[in-house]
>>> print(open('run22.txt').read())   # compact mmCIF, C-alpha atoms and all ligand atoms
# COMPACT_ATOMS: atom_id res chain seq x y z
CA MET A 214 -17.74 9.97 13.43
CA GLU A 215 -17.20 11.24 9.89
CA LEU A 216 -14.20 9.81 8.01
CA ILE A 217 -11.27 12.19 7.48
CA PRO A 218 -9.59 10.96 4.31
CA ILE A 219 -5.86 11.28 3.81
CA ILE A 220 -6.37 13.13 0.56
CA ARG A 221 -9.22 14.41 -1.59
CA PRO A 222 -8.89 16.22 -4.91
CA THR A 223 -10.09 19.81 -4.83
CA LEU A 224 -11.82 19.95 -8.20
CA PRO A 225 -13.09 22.98 -10.13
CA PRO A 226 -16.89 23.53 -10.22
CA LEU A 227 -18.55 21.05 -12.61
CA GLU A 228 -20.27 23.77 -14.64
CA LYS A 229 -16.90 25.42 -15.30
CA ILE A 230 -15.47 22.11 -16.51
CA VAL A 231 -18.47 21.67 -18.83
CA GLU A 232 -18.06 25.22 -20.12
CA ALA A 233 -14.33 24.74 -20.81
CA PHE A 234 -14.92 21.37 -22.51
CA GLN A 235 -18.08 22.25 -24.46
CA GLU A 236 -16.47 23.43 -27.69
CA SER A 237 -14.28 20.34 -27.98
CA TYR A 238 -17.26 18.12 -27.15
CA GLU A 239 -19.38 19.69 -29.83
CA SER A 240 -16.65 19.65 -32.45
CA GLY A 241 -15.77 16.03 -31.78
CA SER A 242 -12.11 16.95 -31.40
CA VAL A 243 -11.78 15.51 -27.90
CA THR A 244 -8.10 14.77 -27.50
CA LEU A 245 -4.95 16.87 -28.10
CA GLY A 246 -7.10 19.79 -29.23
CA ARG A 247 -7.56 23.46 -28.38
CA VAL A 248 -7.95 22.99 -24.64
CA VAL A 249 -4.75 20.92 -24.40
CA SER A 250 -2.91 23.71 -26.25
CA ARG A 251 -4.39 26.34 -23.91
CA PHE A 252 -3.43 24.27 -20.88
CA GLU A 253 0.13 23.86 -22.17
CA ARG A 254 0.35 27.62 -22.76
CA LEU A 255 -0.81 28.28 -19.23
CA ALA A 256 1.67 25.71 -17.84
CA ARG A 257 4.53 27.41 -19.70
CA ALA A 258 3.56 30.79 -18.28
CA TYR A 259 3.08 29.39 -14.79
CA THR A 260 6.44 27.62 -14.75
CA GLU A 261 8.19 30.43 -16.68
CA THR A 262 9.58 27.95 -19.19
CA ARG A 263 9.60 27.48 -22.97
CA HIS A 264 7.85 24.15 -23.46
CA ALA A 265 5.12 22.15 -21.76
CA VAL A 266 3.98 18.81 -23.17
CA ALA A 267 0.78 17.44 -21.68
CA VAL A 268 0.67 13.66 -21.30
CA SER A 269 -1.51 10.98 -19.73
CA SER A 270 0.45 10.71 -16.45
CA CYS A 271 3.75 11.58 -14.81
CA THR A 272 4.86 7.97 -15.23
CA SER A 273 4.25 8.00 -18.99
CA GLY A 274 5.97 11.40 -19.14
CA LEU A 275 9.08 10.06 -17.40
CA ILE A 276 9.09 6.94 -19.59
CA LEU A 277 8.95 9.15 -22.68
CA ALA A 278 11.61 11.54 -21.39
CA TYR A 279 14.15 8.72 -20.91
CA ALA A 280 13.11 7.14 -24.21
CA ALA A 281 13.60 10.45 -26.03
CA MET A 282 17.17 10.59 -24.72
CA GLY A 283 17.98 7.42 -26.67
CA LEU A 284 19.92 5.78 -23.83
CA SER A 285 21.37 2.34 -24.30
CA GLU A 286 20.19 -0.66 -22.30
CA GLY A 287 21.84 -0.90 -18.89
CA ALA A 288 22.83 2.77 -18.72
CA GLU A 289 22.50 4.00 -15.14
CA VAL A 290 20.07 6.48 -13.63
CA ILE A 291 20.88 7.83 -10.16
CA LEU A 292 17.76 8.26 -8.03
CA PRO A 293 16.72 8.32 -4.39
CA SER A 294 15.28 5.19 -2.83
CA PHE A 295 13.06 7.38 -0.64
CA THR A 296 10.49 7.98 -3.37
CA PHE A 297 7.37 6.57 -4.97
CA ALA A 298 7.64 3.40 -7.08
CA ALA A 299 6.93 5.22 -10.36
CA THR A 300 10.31 6.99 -10.17
CA VAL A 301 12.06 3.67 -10.69
CA GLN A 302 9.37 2.12 -12.90
CA ALA A 303 10.00 4.73 -15.59
CA VAL A 304 13.69 3.79 -15.49
CA LEU A 305 12.98 0.06 -15.66
CA TRP A 306 10.52 0.31 -18.58
CA ASN A 307 13.42 1.82 -20.54
CA ARG A 308 15.68 -1.10 -19.55
CA LEU A 309 17.95 1.30 -17.69
CA THR A 310 19.59 0.42 -14.37
CA PRO A 311 18.55 2.28 -11.21
CA VAL A 312 21.32 3.37 -8.86
CA TYR A 313 19.82 4.08 -5.44
CA VAL A 314 21.33 6.78 -3.27
CA ASP A 315 20.49 8.12 0.17
CA CYS A 316 18.43 11.19 0.97
CA LEU A 317 19.32 14.06 3.28
CA PRO A 318 18.05 13.60 6.84
CA GLY A 319 16.23 16.95 7.04
CA THR A 320 14.56 17.68 3.70
CA MET A 321 14.54 13.98 2.76
CA ALA A 322 15.55 15.06 -0.77
CA ILE A 323 18.26 13.26 -2.74
CA ASP A 324 21.68 13.96 -1.20
CA PRO A 325 23.95 15.65 -3.79
CA GLY A 326 27.04 14.30 -1.98
CA GLU A 327 25.73 10.75 -2.44
CA VAL A 328 24.92 11.50 -6.09
CA LEU A 329 28.59 12.41 -6.64
CA LYS A 330 29.68 9.10 -5.09
CA ALA A 331 27.28 7.24 -7.41
CA VAL A 332 28.52 8.74 -10.70
CA SER A 333 30.14 6.11 -12.94
CA PRO A 334 31.11 5.89 -16.61
CA ARG A 335 27.67 4.36 -17.19
CA THR A 336 25.66 7.18 -15.60
CA ALA A 337 23.17 8.55 -18.13
CA ALA A 338 20.85 10.64 -15.96
CA ILE A 339 20.18 11.86 -12.44
CA CYS A 340 16.58 11.87 -11.25
CA PRO A 341 15.92 14.22 -8.32
CA VAL A 342 12.47 13.95 -6.74
CA THR A 343 10.32 16.70 -5.25
CA ILE A 344 9.64 14.98 -1.92
CA PHE A 345 6.15 15.76 -0.54
CA GLY A 346 6.21 18.87 -2.76
CA LEU A 347 9.57 20.31 -1.59
CA PRO A 348 12.20 20.91 -4.31
CA PRO A 349 15.60 19.26 -3.88
CA ASP A 350 18.86 21.24 -3.86
CA PHE A 351 18.66 22.09 -7.56
CA ASP A 352 21.71 24.42 -7.54
CA GLU A 353 24.01 21.71 -6.28
CA LEU A 354 22.47 19.08 -8.55
CA GLU A 355 22.77 21.33 -11.61
CA ARG A 356 26.44 21.93 -10.75
CA ILE A 357 27.05 18.16 -10.69
CA SER A 358 25.05 17.75 -13.88
CA GLU A 359 27.07 20.38 -15.74
CA LYS A 360 30.45 19.27 -14.40
CA HIS A 361 29.90 15.63 -15.40
CA GLY A 362 27.71 16.22 -18.44
CA ILE A 363 24.85 14.17 -17.00
CA PRO A 364 21.31 15.49 -17.56
CA LEU A 365 18.83 15.94 -14.71
CA VAL A 366 15.43 14.36 -15.38
CA GLY A 367 13.29 15.58 -12.49
CA ASP A 368 10.50 13.49 -11.05
CA SER A 369 8.58 16.53 -9.85
CA ALA A 370 5.32 14.57 -9.64
CA GLN A 371 4.39 16.25 -6.35
CA GLY A 372 6.00 19.59 -7.06
CA LEU A 373 3.74 21.71 -9.28
CA GLY A 374 3.30 24.94 -7.32
CA ALA A 375 6.65 24.77 -5.50
CA ARG A 376 9.49 27.29 -5.88
CA TYR A 377 13.28 27.17 -5.55
CA LYS A 378 15.30 30.37 -5.08
CA GLY A 379 12.45 32.46 -6.40
CA ARG A 380 11.86 30.34 -9.50
CA PRO A 381 8.91 28.00 -10.02
CA THR A 382 9.71 24.31 -10.34
CA GLY A 383 9.58 23.03 -13.90
CA GLY A 384 12.56 24.81 -15.40
CA PHE A 385 15.36 22.95 -13.64
CA GLY A 386 17.67 20.47 -15.36
CA PHE A 387 16.97 18.89 -18.75
CA CYS A 388 13.28 18.47 -17.94
CA GLU A 389 10.91 18.05 -15.03
CA VAL A 390 7.76 15.96 -15.07
CA PHE A 391 4.68 16.81 -12.99
CA SER A 392 1.79 14.55 -12.08
CA LEU A 393 -1.80 15.75 -12.29
CA SER A 394 -3.35 12.66 -10.68
CA PRO A 395 -6.11 13.08 -8.06
CA THR A 396 -3.64 12.93 -5.17
CA LYS A 397 -1.81 16.04 -6.39
CA VAL A 398 -2.33 19.67 -5.36
CA ILE A 399 -3.13 20.69 -8.94
CA THR A 400 -4.99 17.89 -10.67
CA ALA A 401 -6.43 17.15 -14.09
CA ILE A 402 -8.09 14.03 -12.57
CA GLU A 403 -5.35 12.10 -14.38
CA GLY A 404 -2.46 13.48 -16.39
CA GLY A 405 1.08 14.74 -16.46
CA LEU A 406 3.14 17.64 -17.78
CA ILE A 407 6.68 17.43 -19.14
CA ILE A 408 8.36 20.82 -18.78
CA THR A 409 11.58 21.69 -20.57
CA ASN A 410 13.51 24.57 -22.07
CA ASP A 411 14.97 22.24 -24.72
CA GLY A 412 13.13 22.72 -28.02
CA ASP A 413 14.40 19.51 -29.64
CA LEU A 414 13.28 17.42 -26.67
CA ALA A 415 9.85 19.06 -26.65
CA LYS A 416 9.38 18.44 -30.37
CA LYS A 417 10.28 14.80 -30.00
CA LEU A 418 7.98 14.36 -27.00
CA VAL A 419 5.04 15.89 -28.86
CA ALA A 420 5.40 13.12 -31.44
CA MET A 421 6.23 10.40 -28.91
CA ARG A 422 3.14 10.94 -26.74
CA ASP A 423 1.08 10.10 -29.83
CA TYR A 424 2.77 6.76 -30.75
CA GLY A 425 5.75 8.56 -32.31
CA LYS A 426 3.88 9.77 -35.38
CA GLY A 427 5.80 11.52 -38.13
CA PRO A 428 4.46 14.46 -40.14
CA ASP A 429 2.11 12.33 -42.27
CA GLY A 430 0.57 10.74 -39.20
CA GLU A 431 1.08 7.28 -40.66
CA ASP A 432 4.79 6.59 -40.60
CA MET A 433 6.04 6.30 -37.00
CA VAL A 434 9.35 8.11 -36.73
CA PHE A 435 9.89 7.35 -33.02
CA ASN A 436 8.98 4.41 -30.83
CA GLY A 437 6.45 6.30 -28.73
CA LEU A 438 3.47 5.54 -26.53
CA SER A 439 -0.25 6.15 -26.44
CA ALA A 440 0.09 8.84 -23.77
CA ARG A 441 -2.07 11.72 -24.98
CA MET A 442 -4.03 14.08 -22.78
CA SER A 443 -7.74 14.38 -23.51
CA GLU A 444 -9.53 17.71 -23.84
CA LEU A 445 -11.66 16.91 -20.80
CA HIS A 446 -8.61 16.29 -18.61
CA ALA A 447 -6.95 19.43 -19.97
CA ALA A 448 -10.06 21.45 -19.06
CA VAL A 449 -9.86 20.24 -15.45
CA GLY A 450 -6.08 20.79 -15.38
CA MET A 451 -6.36 24.30 -16.79
CA LEU A 452 -9.04 25.38 -14.29
CA SER A 453 -7.04 23.85 -11.43
CA LEU A 454 -3.86 25.58 -12.54
CA GLU A 455 -5.70 28.91 -12.73
CA ASN A 456 -6.54 28.34 -9.05
CA ALA A 457 -3.02 27.19 -8.10
CA LYS A 458 -2.31 29.97 -5.62
CA ASN A 459 -5.39 29.20 -3.52
CA LEU A 460 -4.79 25.45 -3.71
CA VAL A 461 -1.18 25.76 -2.51
CA ASP A 462 -1.76 28.54 0.05
CA SER A 463 -4.58 26.72 1.82
CA ARG A 464 -2.43 23.60 2.17
CA MET A 465 0.54 25.56 3.44
CA ARG A 466 -1.67 27.17 6.10
CA LEU A 467 -2.78 23.71 7.25
CA ILE A 468 0.82 22.44 7.19
CA ALA A 469 1.92 25.39 9.34
CA LYS A 470 -0.65 24.36 11.96
CA TYR A 471 0.40 20.71 11.82
CA ARG A 472 4.03 21.78 12.29
CA GLU A 473 3.14 23.97 15.25
CA VAL A 474 1.35 21.10 16.96
CA ALA A 475 4.09 18.56 16.07
CA ALA A 476 6.68 20.75 17.83
CA HIS A 477 5.08 19.64 21.12
CA PHE A 478 5.53 15.92 20.42
CA PRO A 479 8.76 14.64 22.03
CA GLY A 480 10.79 12.40 19.70
CA CYS A 481 8.94 13.55 16.57
CA ARG A 482 10.14 15.76 13.75
CA VAL A 483 8.88 17.23 10.49
CA GLN A 484 10.39 17.82 7.04
CA GLU A 485 12.95 20.64 7.11
CA PHE A 486 11.91 23.66 5.01
CA PRO A 487 15.06 25.56 3.92
CA GLU A 488 14.47 29.29 3.43
CA ASP A 489 15.50 29.23 -0.23
CA ARG A 490 12.51 27.14 -1.37
CA SER A 491 8.82 26.60 -0.83
CA SER A 492 6.74 23.45 -1.05
CA SER A 493 3.60 22.82 -3.09
CA GLY A 494 2.21 21.28 0.12
CA ASN A 495 1.39 17.94 -1.45
CA TYR A 496 1.85 15.87 1.72
CA PHE A 497 2.39 16.47 5.39
CA THR A 498 4.27 13.67 7.09
CA LEU A 499 5.07 13.38 10.75
CA LEU A 500 8.34 11.56 11.51
CA ILE A 501 7.79 9.50 14.63
CA GLY A 502 11.21 8.57 16.06
CA HIS A 503 12.22 5.83 18.48
CA ASN A 504 12.01 8.22 21.44
CA ALA A 505 8.47 9.31 20.71
CA ARG A 506 5.72 8.58 23.24
CA ALA A 507 4.15 6.02 20.92
CA ASN A 508 5.44 4.15 17.91
CA ARG A 509 4.13 4.73 14.40
CA ASP A 510 1.85 1.70 14.41
CA ALA A 511 0.25 2.77 17.68
CA VAL A 512 -0.35 6.24 16.24
CA ARG A 513 -1.95 4.73 13.13
CA THR A 514 -4.19 2.56 15.27
CA LYS A 515 -5.25 5.58 17.30
CA LEU A 516 -6.06 7.57 14.17
CA LYS A 517 -7.97 4.66 12.68
CA ALA A 518 -10.04 4.33 15.85
CA ASN A 519 -11.01 7.96 15.31
CA ASN A 520 -11.91 7.28 11.68
CA ILE A 521 -8.89 9.20 10.39
CA GLU A 522 -6.84 7.87 7.48
CA SER A 523 -3.03 7.89 7.46
CA LYS A 524 -0.33 6.23 5.40
CA ARG A 525 3.28 5.14 5.91
CA TYR A 526 4.94 7.11 3.16
CA PHE A 527 7.28 6.26 1.45
CA HIS A 528 7.31 2.75 2.84
CA PRO A 529 9.00 0.45 2.09
CA PRO A 530 11.74 2.40 0.35
CA VAL A 531 11.95 1.51 -3.31
CA HIS A 532 15.16 -0.56 -3.09
CA CYS A 533 13.37 -2.90 -0.63
CA GLN A 534 10.19 -3.40 -2.69
CA THR A 535 9.41 -6.91 -3.94
CA ALA A 536 9.15 -6.01 -7.63
CA PHE A 537 12.47 -4.22 -7.83
CA LYS A 538 14.78 -6.16 -5.49
CA GLY A 539 15.46 -8.88 -8.04
CA LEU A 540 16.08 -6.57 -10.99
CA PRO A 541 19.51 -5.19 -11.92
CA HIS A 542 20.41 -2.20 -9.74
CA ARG A 543 23.17 -0.66 -7.67
CA ILE A 544 22.91 0.70 -4.14
CA VAL A 545 25.40 3.31 -2.96
CA GLY A 546 26.09 2.87 0.76
CA ASP A 547 23.64 1.65 3.41
CA LEU A 548 21.03 4.40 2.90
CA PRO A 549 20.66 5.15 6.63
CA ASN A 550 18.60 8.32 6.14
CA THR A 551 16.28 6.56 3.72
CA LEU A 552 15.68 3.72 6.17
CA ALA A 553 15.08 6.18 9.00
CA ALA A 554 12.65 8.34 7.01
CA SER A 555 10.81 5.31 5.70
CA GLY A 556 10.61 3.79 9.18
CA GLU A 557 9.30 6.95 10.81
CA SER A 558 7.15 8.89 8.37
CA LEU A 559 3.40 8.92 8.61
CA ALA A 560 1.39 10.97 6.10
CA LEU A 561 -1.60 12.67 7.70
CA PRO A 562 -4.81 13.97 6.11
CA LEU A 563 -4.19 17.01 3.93
CA PHE A 564 -6.20 18.52 1.10
CA SER A 565 -6.87 22.06 -0.03
CA HIS A 566 -10.49 22.16 1.17
CA MET A 567 -9.75 20.45 4.50
CA THR A 568 -11.44 22.35 7.31
CA GLU A 569 -9.89 23.63 10.53
CA GLY A 570 -12.34 21.36 12.34
CA GLN A 571 -10.98 18.31 10.52
CA LEU A 572 -7.40 19.37 11.22
CA GLY A 573 -8.32 19.90 14.88
CA ARG A 574 -9.72 16.37 15.10
CA VAL A 575 -6.49 14.89 13.68
CA CYS A 576 -4.35 16.93 16.08
CA GLU A 577 -6.48 15.97 19.09
CA ALA A 578 -6.12 12.30 18.26
CA LEU A 579 -2.35 12.72 17.89
CA GLU A 580 -2.12 14.62 21.16
CA THR A 581 -3.69 11.75 23.08
CA VAL A 582 -0.76 9.50 22.16
CA LEU A 583 2.20 11.72 21.39
CA THR A 584 2.44 14.45 24.05
CA SER A 585 4.33 14.13 27.34
CA LYS A 586 0.98 14.23 29.11
CA SER A 587 -0.21 11.13 27.28
CA PHE A 588 2.93 9.34 28.47
CA VAL A 589 2.07 9.99 32.11
CA THR A 590 -1.57 8.93 31.92
C1 LIG B 601 7.22 10.89 -6.66
C2 LIG B 601 6.20 10.39 -7.65
N1 LIG B 601 6.58 10.03 -8.88
C3 LIG B 601 5.70 9.61 -9.81
C4 LIG B 601 4.35 9.50 -9.52
C5 LIG B 601 3.42 8.97 -10.56
O1 LIG B 601 2.50 9.91 -11.02
P1 LIG B 601 1.34 9.47 -12.01
O2 LIG B 601 0.32 8.76 -11.18
O3 LIG B 601 0.81 10.75 -12.59
O4 LIG B 601 1.94 8.60 -13.04
C6 LIG B 601 3.89 9.85 -8.26
C7 LIG B 601 2.47 9.72 -7.92
O5 LIG B 601 2.01 9.82 -6.81
C8 LIG B 601 4.84 10.30 -7.28
O6 LIG B 601 4.45 10.65 -6.05
>>> encode(input="run22.txt", output="structure tokens")
Amino acid sequence: MELIPIIRPTLPPLEKIVEAFQESYESGSVTLGRVVSRFERLARAYTETRHAVAVSSCTSGLILAYAAMGLSEGAEVILPSFTFAATVQAVLWNRLTPVYVDCLPGTMAIDPGEVLKAVSPRTAAICPVTIFGLPPDFDELERISEKHGIPLVGDSAQGLGARYKGRPTGGFGFCEVFSLSPTKVITAIEGGLIITNDGDLAKKLVAMRDYGKGPDGEDMVFNGLSARMSELHAAVGMLSLENAKNLVDSRMRLIAKYREVAAHFPGCRVQEFPEDRSSSGNYFTLLIGHNARANRDAVRTKLKANNIESKRYFHPPVHCQTAFKGLPHRIVGDLPNTLAASGESLALPLFSHMTEGQLGRVCEALETVLTSKSFVT
């Protein structure tokens, strides 16, 4: 039986990548050159924003964004614990203190009510995360941000291609940072994009991604990083972004089928999709509750026996992870929704070129353990 992977990058045709990269290759200008500029232009147009700064990854982009804000050591960043480790790693590399808050039970996005409870005189930023590709409640978060004068730094790693109230993600808050790693809907193989409407921030980030170089290229005027994007990565990113609609639409069609099938599994649920926003379709996770016909481990075992990959995601929640438990932090409340989501969610195979046959095989395997019928037999 052929393996069904949990995720596979849908890459542009190789000859198109070669064609897009050729001029840079021949000129020897292979990093931060013409293709990177073209890609940034395209990203600005796609996200309907003023500035796009291409970097080596979402993590380096987030590290640079906090660094550019010039925050003092120990200042607090409010973030969800139901997220990927990199959300907090970017905070910790800046010697800032994470403040973990709960997520909403339905969308699993950061709960604005909990954010309000977490605000303190030390709060320097709020970091909403685009969970599985679905934007958080940006309106409510922007209201809190404006009222308290605390910038939003969005970890939108999974969110390129999503929309909120008719607007593409990217333009919300002070900045949003996308990932272009191979597990993302729109990939550059590796890379990230910092999107902002703030010209001063963008200018600073352009210098900071290249060590912090000043105008003469010798005197460092900021403490930056080596976080450039190469021309080759930009070529892949640009071609992928040109194909964004197909990449997102095909995933959303597959997700719709998964959701239809999941509706027949007692005790299971799926991420809530409010009408005012749309997901990029980065991940599909099934939430397998205590009343389901099988527990999550049994479902994983069944899938594995059928040569189908799956992943507990996000598990464990960040505030419980070994590396971060011992570092300075604050936790607001008991995070019941985070613990529930982390205990129940199972990410299933999903990629833009996944076939209906592959999806059918995953659903059949799930049906053998999760339907009422399977309970009886
Ligand atoms: C929520 C979230 N934040 C950050 C990252 C890190 O992205 P990158 O690998 O581009 O640094 C990821 C990657 O999967 C992610 O899912």
>>> residues_around(input="run22.txt", residues="A:Ala448", least_positions_apart="2", cutoff="10 Å", atoms="all atoms listed in the file", output="PyMOL selection string")
chain A and resi 225+229-235+237+247-249+251-252+401+443-446+450-454
>>> closest_residue(input="run22.txt", among="A:Met465, A:Val512, A:Val419, A:Val312", to="A:Ser491", atoms="all atoms listed in the file")
A:Met465
>>> axis_aligned_box(input="run22.txt", around="ligand LIG 601 (chain B)", padding_each_side="8 Å", output="lines of an AutoDock Vina configuration file")
center_x = 3.8
center_y = 9.7
center_z = -9.5
size_x = 22.9
size_y = 18.3
size_z = 23.0
>>> closest_residue(input="run22.txt", among="A:Val332, A:Leu277, A:Val301, A:Leu563", to="ligand LIG 601 (chain B)", atoms="all atoms listed in the file")
A:Val301
>>> residues_around(input="run22.txt", residues="A:Ser558", least_positions_apart="4", cutoff="12 Å", atoms="only C-alpha atoms", output="ChimeraX atom specification")
/A:295,318,321,345,481-484,496-503,508-510,512-513,523-530,550-554
>>> closest_atom_pairs(input="run22.txt", of="chain A", to="ligand LIG 601 (chain B)", cutoff="10 Å", atoms="only C-alpha atoms and all ligand atoms", output="CSV")
residue,atom,partner,partner_atom,distance
A:Val268,CA,B:LIG601,O3,9.2
A:Ser269,CA,B:LIG601,O3,7.5
A:Ser270,CA,B:LIG601,O3,3.9
A:Cys271,CA,B:LIG601,O3,3.8
A:Thr272,CA,B:LIG601,O4,3.7
A:Ser273,CA,B:LIG601,O4,6.4
A:Gly274,CA,B:LIG601,O4,7.8
A:Leu275,CA,B:LIG601,C3,8.3
A:Ile276,CA,B:LIG601,O4,9.8
A:Phe295,CA,B:LIG601,C1,9.1
A:Thr296,CA,B:LIG601,C1,5.5
A:Phe297,CA,B:LIG601,C1,4.6
A:Ala298,CA,B:LIG601,N1,7.0
A:Ala299,CA,B:LIG601,C3,4.6
A:Thr300,CA,B:LIG601,N1,5.0
A:Val301,CA,B:LIG601,N1,8.6
A:Gln302,CA,B:LIG601,C3,8.9
A:Ala303,CA,B:LIG601,C3,8.7
A:Pro341,CA,B:LIG601,C1,9.5
A:Val342,CA,B:LIG601,C1,6.1
A:Thr343,CA,B:LIG601,C1,6.7
A:Ile344,CA,B:LIG601,C1,6.7
A:Phe345,CA,B:LIG601,O6,7.7
A:Gly346,CA,B:LIG601,C1,8.9
A:Gly367,CA,B:LIG601,N1,9.4
A:Asp368,CA,B:LIG601,N1,5.7
A:Ser369,CA,B:LIG601,C1,6.6
A:Ala370,CA,B:LIG601,C2,4.7
A:Gln371,CA,B:LIG601,O6,5.6
A:Gly372,CA,B:LIG601,C1,8.8
A:Val390,CA,B:LIG601,C3,8.5
A:Phe391,CA,B:LIG601,O3,7.2
A:Ser392,CA,B:LIG601,O3,4.0
A:Leu393,CA,B:LIG601,O3,5.6
A:Ser394,CA,B:LIG601,O3,5.0
A:Pro395,CA,B:LIG601,O2,8.4
A:Thr396,CA,B:LIG601,O5,6.7
A:Lys397,CA,B:LIG601,O5,7.3
A:Thr400,CA,B:LIG601,O3,9.4
A:Ala401,CA,B:LIG601,O3,9.8
A:Ile402,CA,B:LIG601,O3,9.5
A:Glu403,CA,B:LIG601,O3,6.6
A:Gly404,CA,B:LIG601,O3,5.7
A:Gly405,CA,B:LIG601,O3,5.6
A:Leu406,CA,B:LIG601,O3,8.9
A:Asn495,CA,B:LIG601,O6,9.1
A:Tyr496,CA,B:LIG601,O6,9.7
A:Tyr526,CA,B:LIG601,O6,9.9
A:Phe527,CA,B:LIG601,O6,9.1
>>> residues_around(input="run22.txt", residues="A:Pro293", least_positions_apart="2", cutoff="6 Å", atoms="all atoms listed in the file", output="VMD selection string")
chain A and resid 295 313 to 315 323
>>> atom_distance(input="run22.txt", atom1="atom CA of A:Asn504", atom2="atom CA of A:Ile544")
28.8 Å
>>> atom_distance(input="run22.txt", atom1="atom CA of A:Val545", atom2="atom CA of A:Ala560")
26.8 Å
>>> atom_distance(input="run22.txt", atom1="atom CA of A:Asn436", atom2="atom CA of A:Phe385")
26.1 Å
>>> residues_around(input="run22.txt", residues="A:Leu329", least_positions_apart="2", cutoff="12 Å", atoms="all atoms listed in the file", output="list in words")
Ile291, Leu292, Val312, Val314, Asp315, Ile323, Asp324, Pro325, Gly326, Glu327, Ala331, Val332, Ser333, Thr336, Ile339, Glu353, Leu354, Glu355, Arg356, Ile357, Ser358, Lys360, His361, Ile363 and Val545 of chain A
>>> write_last_selection(input="run22.txt", atoms="C-alpha atoms", output="short mmCIF file (atom, residue, chain, number, x, y, z; two decimals), in the frame of the given file")
data_model
loop_
_atom_site.label_atom_id
_atom_site.label_comp_id
_atom_site.auth_asym_id
_atom_site.auth_seq_id
_atom_site.Cartn_x
_atom_site.Cartn_y
_atom_site.Cartn_z
CA ILE A 291 20.88 7.83 -10.16
CA LEU A 292 17.76 8.26 -8.03
CA VAL A 312 21.32 3.37 -8.86
CA VAL A 314 21.33 6.78 -3.27
CA ASP A 315 20.49 8.12 0.17
CA ILE A 323 18.26 13.26 -2.74
CA ASP A 324 21.68 13.96 -1.20
CA PRO A 325 23.95 15.65 -3.79
CA GLY A 326 27.04 14.30 -1.98
CA GLU A 327 25.73 10.75 -2.44
CA ALA A 331 27.28 7.24 -7.41
CA VAL A 332 28.52 8.74 -10.70
CA SER A 333 30.14 6.11 -12.94
CA THR A 336 25.66 7.18 -15.60
CA ILE A 339 20.18 11.86 -12.44
CA GLU A 353 24.01 21.71 -6.28
CA LEU A 354 22.47 19.08 -8.55
CA GLU A 355 22.77 21.33 -11.61
CA ARG A 356 26.44 21.93 -10.75
CA ILE A 357 27.05 18.16 -10.69
CA SER A 358 25.05 17.75 -13.88
CA LYS A 360 30.45 19.27 -14.40
CA HIS A 361 29.90 15.63 -15.40
CA ILE A 363 24.85 14.17 -17.00
CA VAL A 545 25.40 3.31 -2.96
#
>>> closest_residue(input="run22.txt", among="A:Glu389, A:Glu289, A:Glu580, A:Glu359", to="A:Leu373", atoms="only C-alpha atoms")
A:Glu389
>>> closest_residue(input="run22.txt", among="A:Gly539, A:Gly319, A:Pro222, A:Gly246", to="A:Ile399", atoms="all atoms listed in the file")
A:Pro222
>>> closest_residue(input="run22.txt", among="A:Gly430, A:Gly437, A:Gly546, A:Gly383", to="A:Ala265", atoms="all atoms listed in the file")
A:Gly383
>>> closest_residue(input="run22.txt", among="A:Pro349, A:Ile220, A:Ala322, A:Ala281", to="A:Gly425", atoms="all atoms listed in the file")
A:Ala281
>>> residues_around(input="run22.txt", residues="A:Asn410", least_positions_apart="4", cutoff="9 Å", atoms="only C-alpha atoms", output="list in words")
Thr262, Arg263, His264, Ala265, Gly384, Phe385, Gly386, Phe387, Cys388, Leu414 and Ala415 of chain A
